[in-house]
Structure formats: structure tokens, C-alpha cells
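> Once you've had a glance at the structure underneath, I'll fire off some questions.
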Amino acid sequence: MCLAIPSRIVSTDGLTAVVDVCGARREASLMLMPEEIVPGDFVLVHAGFAMQKVDRETAEESLKFFRQLVVASEASGESADEVPEEFRELLARGTLTWGDDSPKPTD
């Protein structure tokens with residue numbers, strides 16, 4: 001199974017972007033994007049590639065769902081090492097933020 005992580009574009013430089021997920025920033029390639037991407041846009045990132053543009057509401061709903069999955073996996077006894085890093089960061093922070101935005105509860 002493959003998962004794409006909702007991310008906010010912080011900056012772009014040619015075909016590379018810096019993306020933000022709950023305060024964690026990483027580089028992502030824009031090579032597969034069919035449309036122009038600008039800072040502030042939201043995209044789904046998989047394996048280091050931005051794959052699809054989404055709206056903010058969709059991105060936030062997806063991260064809330066991922067947080068619920070992490071909570072459920074921990075409740076079932078799975079080890080934290082089995083949970084993807086981005087999801088562990090979201091759970092640890094307990095809030096949903098996009099860069100400099102004010103935190104919003106994730107519950």
C-alpha cells in the first residue's frame with residue numbers, strides 16, 4: 001500500500017519545492033505535477049514527488065485521518081517504529097500546523 005502525505009508548499013526553485021507537514025520541512029520534486037505550483041498550495045507527496053494538488057480542507061482532513069490511524073495502531077499494540085515518521089510527528093505535536101499558521105487541534 002502506498003500513501004501520499006498532504007503537504008503545504010513553502011517555496012519552489014525550478015522543479016524542486018520545500019514542503020511543510022506539521023512543521024517538518026522536506027524537499028519534494030515537482031517533476032510529476034501537471035500544473036504550476038506556488039508557495040501556499042497544498043499537494044500530496046509520495047516517495048519525494050508532489051503528485052497532485054489538493055485544497056487546504058482536503059489536506060487537513062487527510063492529516064486528521066492519519067492521526068486517527070496512528071492512535072488506532074498504538075491502541076492495537078503496534079510499535080511506534082512501525083508508524084511512518086510523518087505520522088509520529090503529527091501525533092507527537094498534537095496540533096495541525098502549516099508553517100507559520102496558528103496551531104489547530106487535531107482531534
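Please note that chains go A, B, ... in the order of the C-alpha cells, that every chain numbers its residues from 1, and that ligands are numbered from 1 in the order shown.
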Could you pull the residues within 9 Å of region 57-61 of chain A, counting only C-alpha atoms, minus those fewer than 3 positions along the same chain, as a PyMOL selection string?

chain A and resi 5-8+42-44+54+64-66+96+106

> Could those residues be written to a file, using C-alpha atoms, as a short mmCIF file (atom, residue, chain, number, x, y, z; two decimals), in the first residue's frame?


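Wrote out.cif, looks like this:
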data_model
loop_
_atom_site.label_atom_id
_atom_site.label_comp_id
_atom_site.auth_asym_id
_atom_site.auth_seq_id
_atom_site.Cartn_x
_atom_site.Cartn_y
_atom_site.Cartn_z
CA ILE A 5 1.26 12.83 2.58
CA PRO A 6 -0.63 16.14 2.37
CA SER A 7 1.93 18.94 2.41
CA ARG A 8 1.99 22.72 2.03
CA PHE A 42 -1.26 22.08 -0.94
CA VAL A 43 -0.08 18.89 -2.62
CA LEU A 44 0.05 15.16 -1.98
CA VAL A 54 -5.43 19.49 -3.27
CA LYS A 64 -6.66 14.18 10.86
CA PHE A 65 -7.49 10.76 9.44
CA PHE A 66 -3.81 9.73 9.53
CA LEU A 96 -2.11 20.65 12.92
CA THR A 106 -6.20 17.58 15.52
#

> DSSP on the backbone, alpha helix (DSSP H) only: what residues of region 21-67 of chain A does that give? Format it as a PDB file with C-alpha atoms, in the first residue's frame.


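Saved file part_22.pdb follows:
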ATOM      1  CA  ARG A  56      -6.467  23.035   2.258  1.00  0.00           C
ATOM      2  CA  GLU A  57      -9.593  21.356   3.636  1.00  0.00           C
ATOM      3  CA  THR A  58      -8.715  18.059   1.946  1.00  0.00           C
ATOM      4  CA  ALA A  59      -5.135  18.244   3.242  1.00  0.00           C
ATOM      5  CA  GLU A  60      -6.273  18.906   6.818  1.00  0.00           C
ATOM      6  CA  GLU A  61      -8.933  16.174   6.745  1.00  0.00           C
ATOM      7  CA  SER A  62      -6.344  13.693   5.458  1.00  0.00           C
ATOM      8  CA  LEU A  63      -3.898  14.508   8.253  1.00  0.00           C
ATOM      9  CA  LYS A  64      -6.664  14.184  10.855  1.00  0.00           C
ATOM     10  CA  PHE A  65      -7.488  10.758   9.435  1.00  0.00           C
ATOM     11  CA  PHE A  66      -3.809   9.727   9.525  1.00  0.00           C
ATOM     12  CA  ARG A  67      -3.652  10.810  13.166  1.00  0.00           C
TER      13      ARG A  67
END

> Counting only C-alpha atoms, what is within 9 Å of Ala4 (chain A), bar same-chain residues fewer than 4 positions away, as a ChimeraX atom specification?

/A:44-47,50-51

> Export N, CA and C atoms of the chosen residues as a PDB file, in the first residue's frame?


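And here is the file that came out, selection-v9.pdb:
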ATOM      1  N   LEU A  44      -0.180  16.486  -2.543  1.00  0.00           N
ATOM      2  CA  LEU A  44       0.046  15.160  -1.979  1.00  0.00           C
ATOM      3  C   LEU A  44       1.438  14.726  -2.411  1.00  0.00           C
ATOM      4  N   VAL A  45       2.271  14.311  -1.443  1.00  0.00           N
ATOM      5  CA  VAL A  45       3.652  13.917  -1.723  1.00  0.00           C
ATOM      6  C   VAL A  45       3.818  12.429  -1.426  1.00  0.00           C
ATOM      7  N   HIS A  46       4.374  11.718  -2.405  1.00  0.00           N
ATOM      8  CA  HIS A  46       4.673  10.294  -2.242  1.00  0.00           C
ATOM      9  C   HIS A  46       6.073  10.036  -2.775  1.00  0.00           C
ATOM     10  N   ALA A  47       6.888   9.373  -1.975  1.00  0.00           N
ATOM     11  CA  ALA A  47       8.248   8.988  -2.378  1.00  0.00           C
ATOM     12  C   ALA A  47       9.065  10.184  -2.874  1.00  0.00           C
ATOM     13  N   ALA A  50       5.789  15.430  -5.480  1.00  0.00           N
ATOM     14  CA  ALA A  50       4.449  16.003  -5.393  1.00  0.00           C
ATOM     15  C   ALA A  50       3.661  15.393  -6.542  1.00  0.00           C
ATOM     16  N   MET A  51       2.502  14.804  -6.224  1.00  0.00           N
ATOM     17  CA  MET A  51       1.743  14.053  -7.225  1.00  0.00           C
ATOM     18  C   MET A  51       0.449  14.740  -7.661  1.00  0.00           C
TER      19      MET A  51
END

> Rounded to one decimal in Å, what is the spacing between CA of Gln52 (chain A) and CA of Leu3 (chain A)?

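We find that CA of Gln52 (chain A) and CA of Leu3 (chain A) lie 12.5 Å from each other.
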
> State, in Å with one decimal place, the distance from CA of Val71 (chain A) to CA of Ile9 (chain A).

26.8 Å

> Using only C-alpha atoms, which residue out of A:Ala75, A:Leu30, A:Cys2, A:Leu69 lies closest to Ala17 (chain A)?

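For Ala17 (chain A), the nearest of the given residues is A:Leu30.
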